[in-house]
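A.B. asks: Please find run_37.pdb (PDB, C-alpha atoms, pLDDT in the B column) on the next line:
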```pdb
ATOM      1  CA  MET H   1     110.248  85.027  53.462  1.00 38.00           C
ATOM      2  CA  ALA H   2     107.522  87.689  53.641  1.00 42.00           C
ATOM      3  CA  LEU H   3     105.145  85.120  55.132  1.00 42.00           C
ATOM      4  CA  ASN H   4     107.613  84.301  57.919  1.00 43.00           C
ATOM      5  CA  ILE H   5     108.094  87.979  58.758  1.00 41.00           C
ATOM      6  CA  PHE H   6     104.331  88.500  58.903  1.00 42.00           C
ATOM      7  CA  ARG H   7     103.853  85.471  61.135  1.00 45.00           C
ATOM      8  CA  LYS H   8     106.653  86.572  63.464  1.00 50.00           C
ATOM      9  CA  LYS H   9     105.092  90.027  63.839  1.00 54.00           C
ATOM     10  CA  SER H  10     101.677  88.490  64.463  1.00 76.00           C
ATOM     11  CA  GLU H  11     103.011  86.226  67.202  1.00 85.00           C
ATOM     12  CA  TYR H  12     104.806  89.213  68.726  1.00 86.00           C
ATOM     13  CA  ALA H  13     101.600  91.248  68.624  1.00 87.00           C
ATOM     14  CA  PHE H  14      99.550  88.487  70.195  1.00 89.00           C
ATOM     15  CA  LYS H  15     102.058  88.214  73.054  1.00 90.00           C
ATOM     16  CA  LEU H  16     101.783  91.960  73.544  1.00 93.00           C
ATOM     17  CA  GLU H  17      98.006  91.757  73.521  1.00 93.00           C
ATOM     18  CA  ARG H  18      98.072  89.602  76.670  1.00 92.00           C
ATOM     19  CA  ILE H  19      99.848  92.443  78.465  1.00 94.00           C
ATOM     20  CA  LEU H  20      98.108  95.415  76.867  1.00 95.00           C
ATOM     21  CA  GLY H  21      94.524  94.177  76.804  1.00 93.00           C
ATOM     22  CA  PHE H  22      94.180  95.156  73.139  1.00 93.00           C
ATOM     23  CA  TYR H  23      95.760  94.202  69.823  1.00 92.00           C
ATOM     24  CA  PRO H  24      98.525  96.699  68.944  1.00 93.00           C
ATOM     25  CA  LYS H  25      98.424  98.418  65.567  1.00 92.00           C
ATOM     26  CA  GLN H  26     101.850 100.023  65.050  1.00 93.00           C
ATOM     27  CA  ILE H  27     104.128  97.132  66.016  1.00 93.00           C
ATOM     28  CA  SER H  28     107.305  99.121  65.326  1.00 92.00           C
ATOM     29  CA  LEU H  29     106.437 101.534  68.166  1.00 95.00           C
ATOM     30  CA  TYR H  30     106.389  98.710  70.688  1.00 95.00           C
ATOM     31  CA  GLN H  31     109.560  97.169  69.343  1.00 92.00           C
ATOM     32  CA  GLN H  32     111.247 100.534  69.800  1.00 93.00           C
ATOM     33  CA  ALA H  33     109.815 100.818  73.323  1.00 95.00           C
ATOM     34  CA  PHE H  34     111.708  97.670  74.294  1.00 93.00           C
ATOM     35  CA  THR H  35     114.988  98.538  72.545  1.00 90.00           C
ATOM     36  CA  HIS H  36     117.679  99.718  74.943  1.00 85.00           C
ATOM     37  CA  LYS H  37     120.262 102.105  73.481  1.00 82.00           C
ATOM     38  CA  SER H  38     123.031  99.539  74.081  1.00 78.00           C
ATOM     39  CA  MET H  39     121.587  97.497  71.207  1.00 76.00           C
ATOM     40  CA  LEU H  40     122.024 100.441  68.837  1.00 73.00           C
ATOM     41  CA  ILE H  41     125.464 101.486  70.054  1.00 68.00           C
ATOM     42  CA  SER H  42     126.805  98.010  69.354  1.00 63.00           C
ATOM     43  CA  THR H  43     125.459  98.166  65.776  1.00 66.00           C
ATOM     44  CA  ASN H  44     126.341 101.837  65.131  1.00 66.00           C
ATOM     45  CA  LYS H  45     122.690 102.770  64.663  1.00 68.00           C
ATOM     46  CA  PRO H  46     121.424 106.237  65.786  1.00 63.00           C
ATOM     47  CA  VAL H  47     120.561 106.322  69.464  1.00 62.00           C
ATOM     48  CA  TYR H  48     117.281 108.142  68.780  1.00 67.00           C
ATOM     49  CA  GLU H  49     115.932 104.801  67.522  1.00 77.00           C
ATOM     50  CA  SER H  50     116.160 103.459  71.089  1.00 83.00           C
ATOM     51  CA  ASN H  51     113.355 103.699  73.649  1.00 90.00           C
ATOM     52  CA  GLU H  52     114.648 106.888  75.282  1.00 90.00           C
ATOM     53  CA  ARG H  53     112.325 109.274  73.405  1.00 94.00           C
ATOM     54  CA  LEU H  54     109.301 107.055  74.108  1.00 96.00           C
ATOM     55  CA  GLU H  55     110.398 106.848  77.740  1.00 94.00           C
ATOM     56  CA  PHE H  56     110.383 110.650  77.923  1.00 94.00           C
ATOM     57  CA  LEU H  57     106.834 110.741  76.543  1.00 97.00           C
ATOM     58  CA  GLY H  58     105.587 107.857  78.701  1.00 97.00           C
ATOM     59  CA  ASP H  59     107.023 109.425  81.843  1.00 94.00           C
ATOM     60  CA  ALA H  60     104.943 112.578  81.290  1.00 95.00           C
ATOM     61  CA  ILE H  61     101.770 110.579  80.575  1.00 97.00           C
ATOM     62  CA  LEU H  62     102.265 108.319  83.586  1.00 97.00           C
ATOM     63  CA  ASP H  63     102.836 111.317  85.832  1.00 94.00           C
ATOM     64  CA  ALA H  64      99.619 112.961  84.614  1.00 96.00           C
ATOM     65  CA  VAL H  65      97.501 109.805  84.948  1.00 97.00           C
ATOM     66  CA  ILE H  66      98.753 109.059  88.453  1.00 96.00           C
ATOM     67  CA  SER H  67      98.370 112.676  89.584  1.00 95.00           C
ATOM     68  CA  VAL H  68      94.703 112.761  88.547  1.00 97.00           C
ATOM     69  CA  TYR H  69      94.087 109.288  89.984  1.00 95.00           C
ATOM     70  CA  ILE H  70      95.413 110.008  93.483  1.00 94.00           C
ATOM     71  CA  PHE H  71      93.906 113.519  93.463  1.00 96.00           C
ATOM     72  CA  LYS H  72      90.455 111.931  93.092  1.00 96.00           C
ATOM     73  CA  LYS H  73      91.235 108.935  95.295  1.00 93.00           C
ATOM     74  CA  PHE H  74      92.270 111.067  98.285  1.00 94.00           C
ATOM     75  CA  PRO H  75      90.054 114.225  98.182  1.00 94.00           C
ATOM     76  CA  PHE H  76      90.948 115.333 101.710  1.00 91.00           C
ATOM     77  CA  LYS H  77      94.721 114.854 101.608  1.00 87.00           C
ATOM     78  CA  ASP H  78      97.082 117.813 101.258  1.00 85.00           C
ATOM     79  CA  GLU H  79      99.674 118.482  98.561  1.00 82.00           C
ATOM     80  CA  GLY H  80     102.508 116.993 100.625  1.00 75.00           C
ATOM     81  CA  PHE H  81     100.750 113.638 100.956  1.00 82.00           C
ATOM     82  CA  LEU H  82      99.873 113.540  97.247  1.00 87.00           C
ATOM     83  CA  THR H  83     103.405 114.460  96.207  1.00 80.00           C
ATOM     84  CA  GLN H  84     104.973 111.792  98.405  1.00 75.00           C
ATOM     85  CA  LEU H  85     102.563 109.106  97.173  1.00 85.00           C
ATOM     86  CA  ARG H  86     103.076 110.032  93.534  1.00 86.00           C
ATOM     87  CA  SER H  87     106.835 109.895  94.085  1.00 77.00           C
ATOM     88  CA  LYS H  88     106.518 106.310  95.334  1.00 81.00           C
ATOM     89  CA  LEU H  89     104.260 105.285  92.446  1.00 89.00           C
ATOM     90  CA  VAL H  90     106.665 106.578  89.786  1.00 86.00           C
ATOM     91  CA  SER H  91     109.887 105.555  91.537  1.00 80.00           C
ATOM     92  CA  ARG H  92     112.238 103.384  89.504  1.00 79.00           C
ATOM     93  CA  HIS H  93     112.062 100.613  92.102  1.00 79.00           C
ATOM     94  CA  PHE H  94     108.265 100.540  91.930  1.00 87.00           C
ATOM     95  CA  LEU H  95     108.163 100.633  88.120  1.00 91.00           C
ATOM     96  CA  ASN H  96     110.808  97.918  87.875  1.00 89.00           C
ATOM     97  CA  ASN H  97     108.623  95.628  89.993  1.00 89.00           C
ATOM     98  CA  LEU H  98     105.513  96.421  87.950  1.00 94.00           C
ATOM     99  CA  ALA H  99     107.336  95.762  84.677  1.00 94.00           C
ATOM    100  CA  SER H 100     108.570  92.439  86.018  1.00 91.00           C
ATOM    101  CA  LYS H 101     105.078  91.430  87.173  1.00 93.00           C
ATOM    102  CA  ILE H 102     103.539  91.946  83.744  1.00 94.00           C
ATOM    103  CA  GLY H 103     106.385  90.107  82.005  1.00 92.00           C
ATOM    104  CA  LEU H 104     108.257  92.825  80.128  1.00 93.00           C
ATOM    105  CA  ASN H 105     111.497  90.862  80.584  1.00 89.00           C
ATOM    106  CA  GLU H 106     110.416  88.716  77.654  1.00 89.00           C
ATOM    107  CA  PHE H 107     110.365  91.673  75.253  1.00 92.00           C
ATOM    108  CA  ILE H 108     113.374  93.813  76.212  1.00 89.00           C
ATOM    109  CA  GLU H 109     116.281  93.971  73.771  1.00 86.00           C
ATOM    110  CA  SER H 110     119.501  94.943  75.533  1.00 81.00           C
ATOM    111  CA  ASN H 111     123.197  94.386  74.983  1.00 76.00           C
ATOM    112  CA  LEU H 112     124.233  95.051  78.589  1.00 68.00           C
ATOM    113  CA  ASP H 113     126.430  92.458  80.261  1.00 54.00           C
ATOM    114  CA  ARG H 114     125.014  93.469  83.619  1.00 48.00           C
ATOM    115  CA  GLU H 115     121.351  93.455  84.620  1.00 52.00           C
ATOM    116  CA  SER H 116     120.543  97.159  84.883  1.00 61.00           C
ATOM    117  CA  LYS H 117     118.399  98.327  87.769  1.00 61.00           C
ATOM    118  CA  THR H 118     116.522 100.740  85.495  1.00 78.00           C
ATOM    119  CA  VAL H 119     116.021  98.945  82.169  1.00 86.00           C
ATOM    120  CA  LEU H 120     112.663  97.408  83.150  1.00 89.00           C
ATOM    121  CA  GLY H 121     111.173 100.615  84.566  1.00 90.00           C
ATOM    122  CA  ASP H 122     112.445 102.630  81.604  1.00 91.00           C
ATOM    123  CA  ALA H 123     110.847 100.137  79.203  1.00 94.00           C
ATOM    124  CA  LEU H 124     107.523 100.359  81.035  1.00 96.00           C
ATOM    125  CA  GLU H 125     107.463 104.134  80.633  1.00 96.00           C
ATOM    126  CA  ALA H 126     108.427 103.756  76.968  1.00 96.00           C
ATOM    127  CA  LEU H 127     105.598 101.244  76.535  1.00 97.00           C
ATOM    128  CA  ILE H 128     103.113 103.792  77.883  1.00 98.00           C
ATOM    129  CA  GLY H 129     104.475 106.303  75.374  1.00 97.00           C
ATOM    130  CA  ALA H 130     104.049 103.767  72.570  1.00 97.00           C
ATOM    131  CA  ILE H 131     100.443 103.067  73.607  1.00 98.00           C
ATOM    132  CA  TYR H 132      99.695 106.791  73.524  1.00 98.00           C
ATOM    133  CA  LEU H 133     101.084 107.159  69.982  1.00 97.00           C
ATOM    134  CA  ASP H 134      99.390 103.984  68.783  1.00 97.00           C
ATOM    135  CA  LYS H 135      95.969 104.288  70.433  1.00 96.00           C
ATOM    136  CA  GLY H 136      95.716 107.690  72.104  1.00 97.00           C
ATOM    137  CA  PHE H 137      95.621 109.025  75.652  1.00 97.00           C
ATOM    138  CA  LYS H 138      92.483 107.136  76.720  1.00 97.00           C
ATOM    139  CA  LYS H 139      94.040 103.745  75.975  1.00 97.00           C
ATOM    140  CA  ALA H 140      97.259 104.735  77.726  1.00 97.00           C
ATOM    141  CA  GLU H 141      95.256 105.825  80.771  1.00 97.00           C
ATOM    142  CA  GLU H 142      93.255 102.567  80.775  1.00 96.00           C
ATOM    143  CA  PHE H 143      96.466 100.552  80.591  1.00 97.00           C
ATOM    144  CA  VAL H 144      97.927 102.338  83.622  1.00 97.00           C
ATOM    145  CA  LEU H 145      94.773 102.272  85.740  1.00 96.00           C
ATOM    146  CA  ILE H 146      93.316  98.878  84.793  1.00 95.00           C
ATOM    147  CA  ARG H 147      96.131  96.641  83.539  1.00 94.00           C
ATOM    148  CA  LEU H 148      98.680  97.947  86.070  1.00 95.00           C
ATOM    149  CA  PHE H 149      97.034  99.502  89.125  1.00 93.00           C
ATOM    150  CA  GLU H 150      93.822  97.524  89.513  1.00 92.00           C
ATOM    151  CA  THR H 151      95.622  94.247  88.831  1.00 92.00           C
ATOM    152  CA  HIS H 152      98.987  94.639  90.533  1.00 92.00           C
ATOM    153  CA  VAL H 153      98.945  97.561  92.993  1.00 91.00           C
ATOM    154  CA  VAL H 154      97.644  97.706  96.561  1.00 87.00           C
ATOM    155  CA  LEU H 155      97.757 101.376  97.549  1.00 85.00           C
ATOM    156  CA  GLU H 156      97.683 100.584 101.265  1.00 82.00           C
ATOM    157  CA  ASP H 157     100.914  98.622 100.863  1.00 83.00           C
ATOM    158  CA  VAL H 158     102.502 101.408  98.829  1.00 84.00           C
ATOM    159  CA  LEU H 159     101.665 103.949 101.526  1.00 80.00           C
ATOM    160  CA  GLU H 160     103.508 101.837 104.081  1.00 74.00           C
ATOM    161  CA  THR H 161     106.641 101.284 101.989  1.00 72.00           C
ATOM    162  CA  GLU H 162     109.774 103.350 102.365  1.00 62.00           C
ATOM    163  CA  THR H 163     111.727 104.073  99.178  1.00 62.00           C
ATOM    164  CA  ASP H 164     114.145 106.814 100.247  1.00 73.00           C
ATOM    165  CA  TYR H 165     116.577 104.666 102.211  1.00 81.00           C
ATOM    166  CA  LYS H 166     119.380 107.203 101.912  1.00 85.00           C
ATOM    167  CA  SER H 167     117.375 109.834 103.810  1.00 84.00           C
ATOM    168  CA  ARG H 168     116.490 107.249 106.442  1.00 83.00           C
ATOM    169  CA  THR H 169     120.159 106.304 106.804  1.00 89.00           C
ATOM    170  CA  ILE H 170     121.273 109.913 107.175  1.00 89.00           C
ATOM    171  CA  GLU H 171     118.525 110.535 109.741  1.00 86.00           C
ATOM    172  CA  TYR H 172     119.570 107.395 111.645  1.00 88.00           C
ATOM    173  CA  ALA H 173     123.204 108.553 111.693  1.00 90.00           C
ATOM    174  CA  GLN H 174     122.324 112.084 112.817  1.00 91.00           C
ATOM    175  CA  LYS H 175     120.070 110.895 115.645  1.00 89.00           C
ATOM    176  CA  GLY H 176     122.638 108.416 116.924  1.00 90.00           C
ATOM    177  CA  LYS H 177     125.563 110.759 116.238  1.00 92.00           C
ATOM    178  CA  HIS H 178     127.169 108.159 113.995  1.00 94.00           C
ATOM    179  CA  LYS H 179     129.770 108.964 111.379  1.00 94.00           C
ATOM    180  CA  ILE H 180     128.444 108.171 107.878  1.00 94.00           C
ATOM    181  CA  GLU H 181     130.444 107.972 104.646  1.00 95.00           C
ATOM    182  CA  PHE H 182     129.773 106.889 101.065  1.00 95.00           C
ATOM    183  CA  GLU H 183     132.693 105.577  99.054  1.00 95.00           C
ATOM    184  CA  SER H 184     131.946 105.416  95.323  1.00 93.00           C
ATOM    185  CA  GLU H 185     133.843 103.758  92.482  1.00 92.00           C
ATOM    186  CA  GLU H 186     133.128 104.036  88.757  1.00 90.00           C
ATOM    187  CA  LEU H 187     133.633 100.765  86.882  1.00 88.00           C
ATOM    188  CA  GLY H 188     133.322  99.637  83.278  1.00 81.00           C
ATOM    189  CA  GLU H 189     133.309 101.770  80.139  1.00 79.00           C
ATOM    190  CA  GLY H 190     130.759 103.272  77.761  1.00 73.00           C
ATOM    191  CA  ASN H 191     127.318 101.703  77.939  1.00 68.00           C
ATOM    192  CA  LYS H 192     128.713  99.091  80.346  1.00 73.00           C
ATOM    193  CA  LYS H 193     129.699 101.708  82.937  1.00 81.00           C
ATOM    194  CA  PHE H 194     128.260 101.330  86.436  1.00 83.00           C
ATOM    195  CA  TYR H 195     128.896 102.565  89.963  1.00 87.00           C
ATOM    196  CA  LYS H 196     129.767 100.650  93.099  1.00 90.00           C
ATOM    197  CA  VAL H 197     129.015 102.452  96.356  1.00 93.00           C
ATOM    198  CA  LYS H 198     130.059 101.334  99.838  1.00 95.00           C
ATOM    199  CA  LEU H 199     128.267 102.637 102.918  1.00 95.00           C
ATOM    200  CA  PHE H 200     130.371 103.098 106.040  1.00 96.00           C
ATOM    201  CA  ILE H 201     128.873 103.898 109.436  1.00 94.00           C
ATOM    202  CA  ASP H 202     131.410 104.543 112.191  1.00 94.00           C
ATOM    203  CA  ASN H 203     134.087 103.260 109.784  1.00 94.00           C
ATOM    204  CA  GLN H 204     132.299  99.914 109.441  1.00 94.00           C
ATOM    205  CA  LEU H 205     131.189  98.657 106.018  1.00 94.00           C
ATOM    206  CA  LEU H 206     127.444  98.081 106.337  1.00 92.00           C
ATOM    207  CA  GLY H 207     126.098  98.268 102.804  1.00 91.00           C
ATOM    208  CA  VAL H 208     127.147  97.877  99.173  1.00 91.00           C
ATOM    209  CA  GLY H 209     125.185  98.958  96.109  1.00 86.00           C
ATOM    210  CA  GLU H 210     125.818  98.662  92.373  1.00 84.00           C
ATOM    211  CA  ALA H 211     123.843 100.477  89.657  1.00 79.00           C
ATOM    212  CA  ILE H 212     124.239 102.495  86.482  1.00 76.00           C
ATOM    213  CA  SER H 213     123.882 105.733  88.466  1.00 78.00           C
ATOM    214  CA  LYS H 214     125.681 106.727  91.660  1.00 84.00           C
ATOM    215  CA  LYS H 215     122.451 107.988  93.235  1.00 82.00           C
ATOM    216  CA  LEU H 216     120.711 104.649  92.753  1.00 78.00           C
ATOM    217  CA  ALA H 217     123.769 102.743  93.981  1.00 84.00           C
ATOM    218  CA  GLU H 218     123.678 104.804  97.204  1.00 88.00           C
ATOM    219  CA  GLN H 219     119.989 103.963  97.676  1.00 82.00           C
ATOM    220  CA  ILE H 220     120.705 100.246  97.186  1.00 83.00           C
ATOM    221  CA  ALA H 221     123.556 100.329  99.713  1.00 88.00           C
ATOM    222  CA  CYS H 222     121.330 102.073 102.271  1.00 88.00           C
ATOM    223  CA  GLU H 223     118.460  99.674 101.596  1.00 81.00           C
ATOM    224  CA  GLN H 224     120.804  96.734 102.237  1.00 83.00           C
ATOM    225  CA  PHE H 225     121.862  98.300 105.528  1.00 88.00           C
ATOM    226  CA  PHE H 226     118.292  98.808 106.744  1.00 79.00           C
ATOM    227  CA  LYS H 227     117.059  95.386 105.681  1.00 74.00           C
ATOM    228  CA  GLU H 228     119.924  93.627 107.466  1.00 79.00           C
ATOM    229  CA  LYS H 229     119.373  95.874 110.486  1.00 74.00           C
ATOM    230  CA  GLU H 230     115.689  94.882 110.590  1.00 65.00           C
ATOM    231  CA  GLU H 231     116.488  91.175 110.162  1.00 63.00           C
ATOM    232  CA  ASN H 232     118.976  91.257 113.032  1.00 67.00           C
ATOM    233  CA  SER H 233     116.453  92.951 115.298  1.00 58.00           C
ATOM    234  CA  ASN H 234     113.837  90.223 114.718  1.00 48.00           C
TER     235      ASN H 234
END
```
Would you mind writing the structure in this file as structure tokens?

C.D. replies:
Amino acid sequence: MALNIFRKKSEYAFKLERILGFYPKQISLYQQAFTHKSMLISTNKPVYESNERLEFLGDAILDAVISVYIFKKFPFKDEGFLTQLRSKLVSRHFLNNLASKIGLNEFIESNLDRESKTVLGDALEALIGAIYLDKGFKKAEEFVLIRLFETHVVLEDVLETETDYKSRTIEYAQKGKHKIEFESEELGEGNKKFYKVKLFIDNQLLGVGEAISKKLAEQIACEQFFKEKEENSN
């Protein structure tokens, strides 16, 4: 039995190595980084064993690494530019895409019936926290800059992307003197709770978003509106 457990952990570590670029030492840290709290709630285990604490740590490290990176990358840009760019690079949408690109889906342990819009991005931040505790700040920084940014991020494309679709929608409505309304509905219970938001412009339903937070659901509804608007104009 002990041999099987050892082999399973080794295979797990080798899979992680392909993503990390190094062989992990404290396997339990990484397993925790990929454990969503829904897995613990369903088994009555303490929530602090989930990835939320590692996510908190990883978020701070990621913010610091990105801040230094763009500060050096754009020496003649002002604070407003740097703040806006950093906001895009740490947005949940951006981190979700990055996590998907490097294959974190394969590792995440979750008991959610619905595919959460934040689970992947949260796990990526938790992974960065785990790397820091396992190997130190330098390794965490190398992972962000080399394994993530150099491999999967084109800054020019990021600069051109728009992530705050709600602000764009409100601006569109104000300029055109359109009536805008958000109708939200809370569905599900406990860890399965989510929000459904409908976007109405001039009393016409033009976007629907679903997410585990109302704010994100509003962004999704507005993004749907703008994407369909752009498609119809082409």

A.B. asks: Which residue, H:Arg18, H:Ile27, H:Asp202, H:Thr83, has the smallest gap to H:Ile102 when you use all atoms listed in the file?

C.D. replies: H:Arg18

A.B. asks: I would like the residues chosen by the PyMOL selection byres ((chain H and resi 94) around 12) on the shown file; could you give them as a compact mmCIF listing (two decimals) with C-alpha atoms, in the coordinates of the input?

C.D. replies:
```
# COMPACT_ATOMS: atom_id res chain seq x y z
CA LEU H 85 102.56 109.11 97.17
CA ARG H 86 103.08 110.03 93.53
CA SER H 87 106.84 109.90 94.08
CA LYS H 88 106.52 106.31 95.33
CA LEU H 89 104.26 105.28 92.45
CA VAL H 90 106.66 106.58 89.79
CA SER H 91 109.89 105.56 91.54
CA ARG H 92 112.24 103.38 89.50
CA HIS H 93 112.06 100.61 92.10
CA LEU H 95 108.16 100.63 88.12
CA ASN H 96 110.81 97.92 87.88
CA ASN H 97 108.62 95.63 89.99
CA LEU H 98 105.51 96.42 87.95
CA ALA H 99 107.34 95.76 84.68
CA SER H 100 108.57 92.44 86.02
CA LYS H 101 105.08 91.43 87.17
CA LYS H 117 118.40 98.33 87.77
CA THR H 118 116.52 100.74 85.50
CA LEU H 120 112.66 97.41 83.15
CA GLY H 121 111.17 100.62 84.57
CA ASP H 122 112.44 102.63 81.60
CA LEU H 124 107.52 100.36 81.04
CA GLU H 125 107.46 104.13 80.63
CA LEU H 148 98.68 97.95 86.07
CA PHE H 149 97.03 99.50 89.12
CA HIS H 152 98.99 94.64 90.53
CA VAL H 153 98.94 97.56 92.99
CA VAL H 154 97.64 97.71 96.56
CA LEU H 155 97.76 101.38 97.55
CA ASP H 157 100.91 98.62 100.86
CA VAL H 158 102.50 101.41 98.83
CA THR H 161 106.64 101.28 101.99
CA GLU H 162 109.77 103.35 102.36
CA THR H 163 111.73 104.07 99.18
CA ASP H 164 114.14 106.81 100.25
```

A.B. asks: Set the distance at 12 Å and use only C-alpha atoms: which residues neighbour H:Lys214 once local chain neighbours fewer than 2 positions away are removed? I'd like the list as number ranges by chain.

C.D. replies: H: 117, 182-187, 193-198, 208-212, 216-221

A.B. asks: For stretch 133-139 of chain H, find every residue with an atom within 7 Å (counting all atoms listed in the file), except residues of its own chain fewer than 4 positions away, and show them as a PyMOL selection string.

C.D. replies: chain H and resi 25-26+129+143

A.B. asks: Choose the residue, out of H:Glu156, H:Glu79, H:Glu141, H:Glu106, that has the smallest atom-to-atom separation from H:Gly58; count all atoms listed in the file.

C.D. replies: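 Closest to H:Gly58, using all atoms listed in the file: H:Glu141.
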
A.B. asks: Could you give me the centre and size, in Å to one decimal, of an axis-aligned box around all listed atoms of stretch 201-220 of chain H with 8 Å added on every side, as JSON?

C.D. replies:
```
{"center_x": 127.0, "center_y": 102.9, "center_z": 99.3, "size_x": 30.1, "size_y": 26.1, "size_z": 41.7}
```

A.B. asks: Do you know which residues the PyMOL selection byres ((chain H and resi 130) around 7) returns on this file, as number ranges by chain?

C.D. replies: H: 29-30, 33, 54, 126-129, 131-134

A.B. asks: Rank H:Phe14, H:Gly207, H:Lys227, H:Ile108 by their smallest atom-to-atom distance to H:Gln31, using only C-alpha atoms, and report the top residue only.

C.D. replies: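 Of H:Phe14, H:Gly207, H:Lys227, H:Ile108, the one nearest H:Gln31 is H:Ile108, counting only C-alpha atoms.
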
A.B. asks: Using Å and a single decimal, report how far atom CA of H:Asp59 sits from atom CA of H:Ser38.

C.D. replies: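 So the answer is 20.4 Å.
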
A.B. asks: Quick one: apply the PyMOL selection byres ((chain H and resi 109) around 6) to the file and drop the selected residues here as a ChimeraX atom specification.

C.D. replies: /H:34-35,108,110

A.B. asks: Would you mind exporting the chosen residues as an mmCIF file, in the frame of the given file, restricted to C-alpha atoms?

C.D. replies:
```
data_model
loop_
_atom_site.group_PDB
_atom_site.id
_atom_site.type_symbol
_atom_site.label_atom_id
_atom_site.label_comp_id
_atom_site.auth_asym_id
_atom_site.auth_seq_id
_atom_site.Cartn_x
_atom_site.Cartn_y
_atom_site.Cartn_z
ATOM 1 C CA PHE H 34 111.708 97.670 74.294
ATOM 2 C CA THR H 35 114.988 98.538 72.545
ATOM 3 C CA ILE H 108 113.374 93.813 76.212
ATOM 4 C CA SER H 110 119.501 94.943 75.533
#
```

A.B. asks: Work out how far apart atom CA of H:Phe200 and atom CA of H:Ile180 are and give it in Å to one decimal.

C.D. replies: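 That distance, rounded to one decimal, is 5.7 Å.
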